[in-house]
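**Q** So that we are looking at the same thing, I have put the structure below in structure tokens.
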Amino acid sequence: MPQRIVGQVKRVNGPVITIKGVTDAMMMELVHVGEQMLVGELVKLDGEQAIVQVYEEATGIAPGDNVYGTGMPLSVELAPGLIGTIYDGIQRPLERLRDLGGDLIKRGVGSPSVDRRKMWEYEPVVRVGDQVGPGFTLGTVKETERVEHRVLVPPVLSGTGPYTVIRTVSPGSYAVDAIICSLKDQEGHEIALSMLQKWPIRVPRPVSERKALRVPLITGQRVIDMLFPLAKGGTVAIPGGFGTGKTMTQHAIARWCDADIIVYIGCGERGNEMTDVLREFPHLIDPRTGRSLMERTILIANTSNMPVSAREASIYTGITLAEYYRDQGYHVAIMADSTSRWAEALRELSGRMEEMPAEEGFPAYLPTRIAEFYERAGYMATLGNSEGSVSIIGAVSPPGGDFSEPVTQHTKRFVRCFWGLDRSLASARHYPAISWLESYSEYIDEVAPWWETQSDGSWLESRREIMELLQREVRLQQIVKLVGPDALPDSQNFILEVCALFKTAFLQQNAFDDIDRYSTVGKQMGMLRLILSYWHLGAAAIAKGVTMVKLKRMKVVQEIARMRFTVSNEQAEDLDRIQIRLERAMSQLGGIYEER
């Protein structure tokens, strides 16, 4: 337990505590306040006074209480055992805290973030005499059925490299704090290493190189993958008012996306929402392994009734854990729900520290903090000569659904993808309620080569064509509101018909249907190709005099409308059979069919 006294409490203002008599402290140092040892962080130094941000309820702290320093910044523990664990905002394991103090977390109670008693089967991959450097793999541990944990040389080491392995353990069972390897630097100093590392949460972990984003993160959600794709290592914001489906969209992505590791951060969300997450995730099945989704998931639960300062730290805790697995060569997706609550925590703490407010009371450094968070995403070449990525999917909860408020506007400046949720779509039970008019993706050109290899070279052109139809539909709908649909010719009414079919048969997706909740790349391309074929053949038929009434009465149109429920991912070739029936029906109506 730390005993170095750095000062005494002078003033208590909620989670912000002013201390006096400071003679031996450093900025951002982890401290413990009072005899209850409440966890805090020193965030401001001013002569012999300092300000401490406490991550627990400060009730009972009084002037004169001692403040103890640890000599290190607020850090997370990194080792096997992170996957499947539920933490709070400062990486305290909630399940172990419950065992120690009951359902309500007692103040000052703590537990190691990683279990020191559990034994792990460690398999070394280095031998005595090998030369290693920061980020190199020392050995592996089977953390879950899906995740092989690679124990790395810490990215920052004392002494001068390269380092030579002078001692390593044999394969066997070891605790995370057991010495598994010893290195010698160029000056002859010995460095003992265990599987356990610590890293400051506010400091990005170093990498070798930031690489271009070329591969999309496949989510299985058609409106995202086909219209507004996100690249692995990219950033996206999901803004939307209450009830528009931000959390459910993130849940669907967490379950179905092809990331190796999921870090879900419940930042300031309502307790009942986080309860649903904590209850449902262990029972969800990973479609790729058939095992529990928790075997590739880390949950950080920091609800709205938890200390506000811990909410501010939770975002950094989550991104640091993600970077750790990225350095092992994994692709990690972070679900931050919601960054608005994190910004509100910044605003409250800034107000208590009497800082000058900016727009809507947020601190002037809000844009900087948002940028620092999203800049930690990327597709990286790691120090250990592997590649990994961190993709950030941040939900934004603008008050009243107002996208012009500061958090949404500043977030748009620093992300390259925007999935705007539309309340009118949510009210119409159209989910995901992602607006195809307000959303955009700047990753289209980067991921287009990958998609072209998956779609016989037609993805980019197909996407452009359907987006153009949706834009034309908006203009036609404005005319319809004025003069009614009967005033439009069949050629324009057919645009409305095709877009309505595209919305219901493609963009809409039922998360509770076993077939429709997830679509493979092949099925998505087949569905889009079929709808565009209906558009091409139908427009040609109308030009030859076929009425739109006859087109709508074709039985094959109903098959297209139901294909998302009737055609499974494993039987995507059934879409080709619907295509043949469509061409046959069109030829019987006198439409034009050209061999493609």
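Identifiers in the structure tokens: chain A, B, ... in order shown; residue index from 1 per chain; ligand index from 1 in order shown.
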I want to know what sits within 12 Å of Thr411 of chain A, based on only C-alpha atoms, with residues of the same chain fewer than 6 positions away left out; could you give that as a PyMOL selection string?
**A** chain A and resi 235-239+339-340+343+366-375+392-398+403-405+417-418
**Q** Once DSSP has gone over the backbone, tell me which residues of segment 21-116 of chain A are in strand (DSSP E), as a VMD selection string.
**A** chain A and resid 29 to 33 38 to 46 49 to 54 66 to 73 75 to 78 86 to 87
**Q** Of the residues A:Glu95, A:Met353, A:Gly420, A:Gly290, which is the one nearest to Val43 of chain A, using only C-alpha atoms?
**A**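 Distance minimum relative to Val43 of chain A lands on A:Met353.
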**Q** List as a PDB file with N, CA and C atoms, in the first residue's frame the protein and nucleic acid residues near Leu193 of chain A, meaning an atom at most 10 Å away when only C-alpha atoms are counted, but skip any in the same chain fewer than 6 places from it.
**A**
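Result saved to around.pdb:
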ATOM      1  N   LEU A 138       7.371 -13.353 -26.881  1.00  0.00           N
ATOM      2  CA  LEU A 138       8.154 -14.237 -26.022  1.00  0.00           C
ATOM      3  C   LEU A 138       7.551 -15.629 -25.956  1.00  0.00           C
ATOM      4  N   LEU A 152       4.189 -10.355 -25.106  1.00  0.00           N
ATOM      5  CA  LEU A 152       5.126  -9.503 -25.835  1.00  0.00           C
ATOM      6  C   LEU A 152       6.180  -8.908 -24.903  1.00  0.00           C
ATOM      7  N   VAL A 153       7.337  -8.605 -25.491  1.00  0.00           N
ATOM      8  CA  VAL A 153       8.296  -7.752 -24.805  1.00  0.00           C
ATOM      9  C   VAL A 153       7.663  -6.370 -24.666  1.00  0.00           C
ATOM     10  N   PRO A 154       7.682  -5.744 -23.485  1.00  0.00           N
ATOM     11  CA  PRO A 154       7.077  -4.419 -23.331  1.00  0.00           C
ATOM     12  C   PRO A 154       7.613  -3.435 -24.377  1.00  0.00           C
ATOM     13  N   THR A 168      14.921 -18.412 -19.941  1.00  0.00           N
ATOM     14  CA  THR A 168      13.498 -18.550 -20.253  1.00  0.00           C
ATOM     15  C   THR A 168      12.980 -19.832 -19.626  1.00  0.00           C
ATOM     16  N   ASP A 177       2.143 -13.139 -12.907  1.00  0.00           N
ATOM     17  CA  ASP A 177       3.242 -12.366 -12.341  1.00  0.00           C
ATOM     18  C   ASP A 177       4.509 -13.185 -12.135  1.00  0.00           C
ATOM     19  N   ALA A 178       4.530 -14.416 -12.613  1.00  0.00           N
ATOM     20  CA  ALA A 178       5.730 -15.242 -12.519  1.00  0.00           C
ATOM     21  C   ALA A 178       6.731 -14.812 -13.594  1.00  0.00           C
ATOM     22  N   ILE A 179       8.025 -14.873 -13.269  1.00  0.00           N
ATOM     23  CA  ILE A 179       9.067 -14.511 -14.228  1.00  0.00           C
ATOM     24  C   ILE A 179       9.162 -15.614 -15.281  1.00  0.00           C
ATOM     25  N   ILE A 180       8.992 -15.237 -16.539  1.00  0.00           N
ATOM     26  CA  ILE A 180       9.015 -16.228 -17.619  1.00  0.00           C
ATOM     27  C   ILE A 180      10.224 -16.066 -18.526  1.00  0.00           C
ATOM     28  N   CYS A 181      10.896 -14.922 -18.420  1.00  0.00           N
ATOM     29  CA  CYS A 181      12.012 -14.667 -19.321  1.00  0.00           C
ATOM     30  C   CYS A 181      12.898 -13.579 -18.718  1.00  0.00           C
ATOM     31  N   SER A 182      14.204 -13.668 -18.966  1.00  0.00           N
ATOM     32  CA  SER A 182      15.137 -12.622 -18.553  1.00  0.00           C
ATOM     33  C   SER A 182      15.960 -12.199 -19.750  1.00  0.00           C
ATOM     34  N   LEU A 183      16.119 -10.890 -19.906  1.00  0.00           N
ATOM     35  CA  LEU A 183      16.884 -10.331 -21.018  1.00  0.00           C
ATOM     36  C   LEU A 183      18.113  -9.619 -20.479  1.00  0.00           C
TER      37      LEU A 183
END
**Q** Name all residues at most 8 Å from Thr566 of chain A (count only C-alpha atoms; drop same-chain ones fewer than 3 positions away) and give them as number ranges by chain.
**A** A: 515, 562-563
**Q** Write to file, as a compact mmCIF listing (two decimals), in the first residue's frame, the residues of the selection just made, with N, CA, C and O atoms.
**A**
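This is the output file out_32.txt:
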# COMPACT_ATOMS: atom_id res chain seq x y z
N ILE A 515 -32.26 -15.75 -40.50
CA ILE A 515 -31.67 -15.60 -41.84
C ILE A 515 -31.30 -14.15 -42.11
O ILE A 515 -30.21 -13.86 -42.64
N ARG A 562 -39.23 -10.73 -50.65
CA ARG A 562 -39.08 -11.64 -49.50
C ARG A 562 -37.71 -12.31 -49.45
O ARG A 562 -37.46 -13.10 -48.55
N MET A 563 -36.82 -11.98 -50.37
CA MET A 563 -35.57 -12.74 -50.48
C MET A 563 -34.70 -12.63 -49.23
O MET A 563 -33.92 -13.53 -48.92
**Q** Show me, as number ranges by chain, the residues that have an atom within 10 Å of Thr140 of chain A when counting only C-alpha atoms, minus same-chain residues fewer than 2 positions from it.
**A** A: 80, 120-125, 137-138, 142-143, 148-152, 171, 195
**Q** Restricting the calculation to only C-alpha atoms, which member of A:Gln49, A:Ser338, A:Gln509, A:Gln328 is positioned closest to Glu269 of chain A?
**A**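 The answer is A:Ser338, which sits nearest to Glu269 of chain A.
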**Q** Return the single residue from A:Ser424, A:Ser75, A:Ser314, A:Asn569 that is closest to Thr244 of chain A, with distances computed using only C-alpha atoms.
**A** A:Ser424
**Q** Could you pull out the alpha helix (DSSP H) residues of segment 248-474 of chain A from DSSP and send them as a PyMOL selection string?
**A** chain A and resi 248-256+271-280+308-327+339-352+366-374+406-414+423-427+444-454+459-474
**Q** Have a look at A:Gln186, A:Glu29, A:Gly241, A:Thr85 and name the one nearest to Ala426 of chain A; count only C-alpha atoms.
**A**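 Smallest separation from Ala426 of chain A among the options: A:Gly241.
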**Q** Excluding same-chain residues fewer than 2 positions from Val22 of chain A, what lies within 12 Å of it counting only C-alpha atoms, as a ChimeraX atom specification?
**A** /A:4-10,18-20,24-27,42,44-52,66-69
**Q** If we count only C-alpha atoms and set the cut-off at 6 Å, which residues sit around segment 302-309 of chain A, ignoring sequence neighbours fewer than 2 positions away in its own chain? Please answer as a ChimeraX atom specification.
**A** /A:55-56,88-89,266-271,311-312,345
**Q** Given the choices A:Ser350, A:Ser391, A:Ala364, A:Val203, which gets closest to Pro406 of chain A if the distance is worked out from only C-alpha atoms?
**A** A:Ala364
**Q** Of the candidates A:Ala310, A:Arg127, A:Pro229, A:Asn272, which one gets nearest to Arg92 of chain A if we count only C-alpha atoms?
**A**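 Smallest distance to Arg92 of chain A is found for A:Ala310.
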**Q** Atom CA of Ala561 of chain A to atom CA of Phe502 of chain A: how many Å, to one decimal?
**A**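 So the answer is 8.3 Å.
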**Q** In Å, rounded to a single decimal, give me how far atom CA of Asp258 of chain A is from atom CA of Ile434 of chain A.
**A**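 Straight-line distance from atom CA of Ile434 of chain A to atom CA of Asp258 of chain A works out to 20.4 Å.
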**Q** As an exercise, work out the distance from atom CA of Ala175 of chain A to atom CA of Gln91 of chain A in Å and give it to one decimal place.
**A**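 These atoms are spaced 19.3 Å apart.
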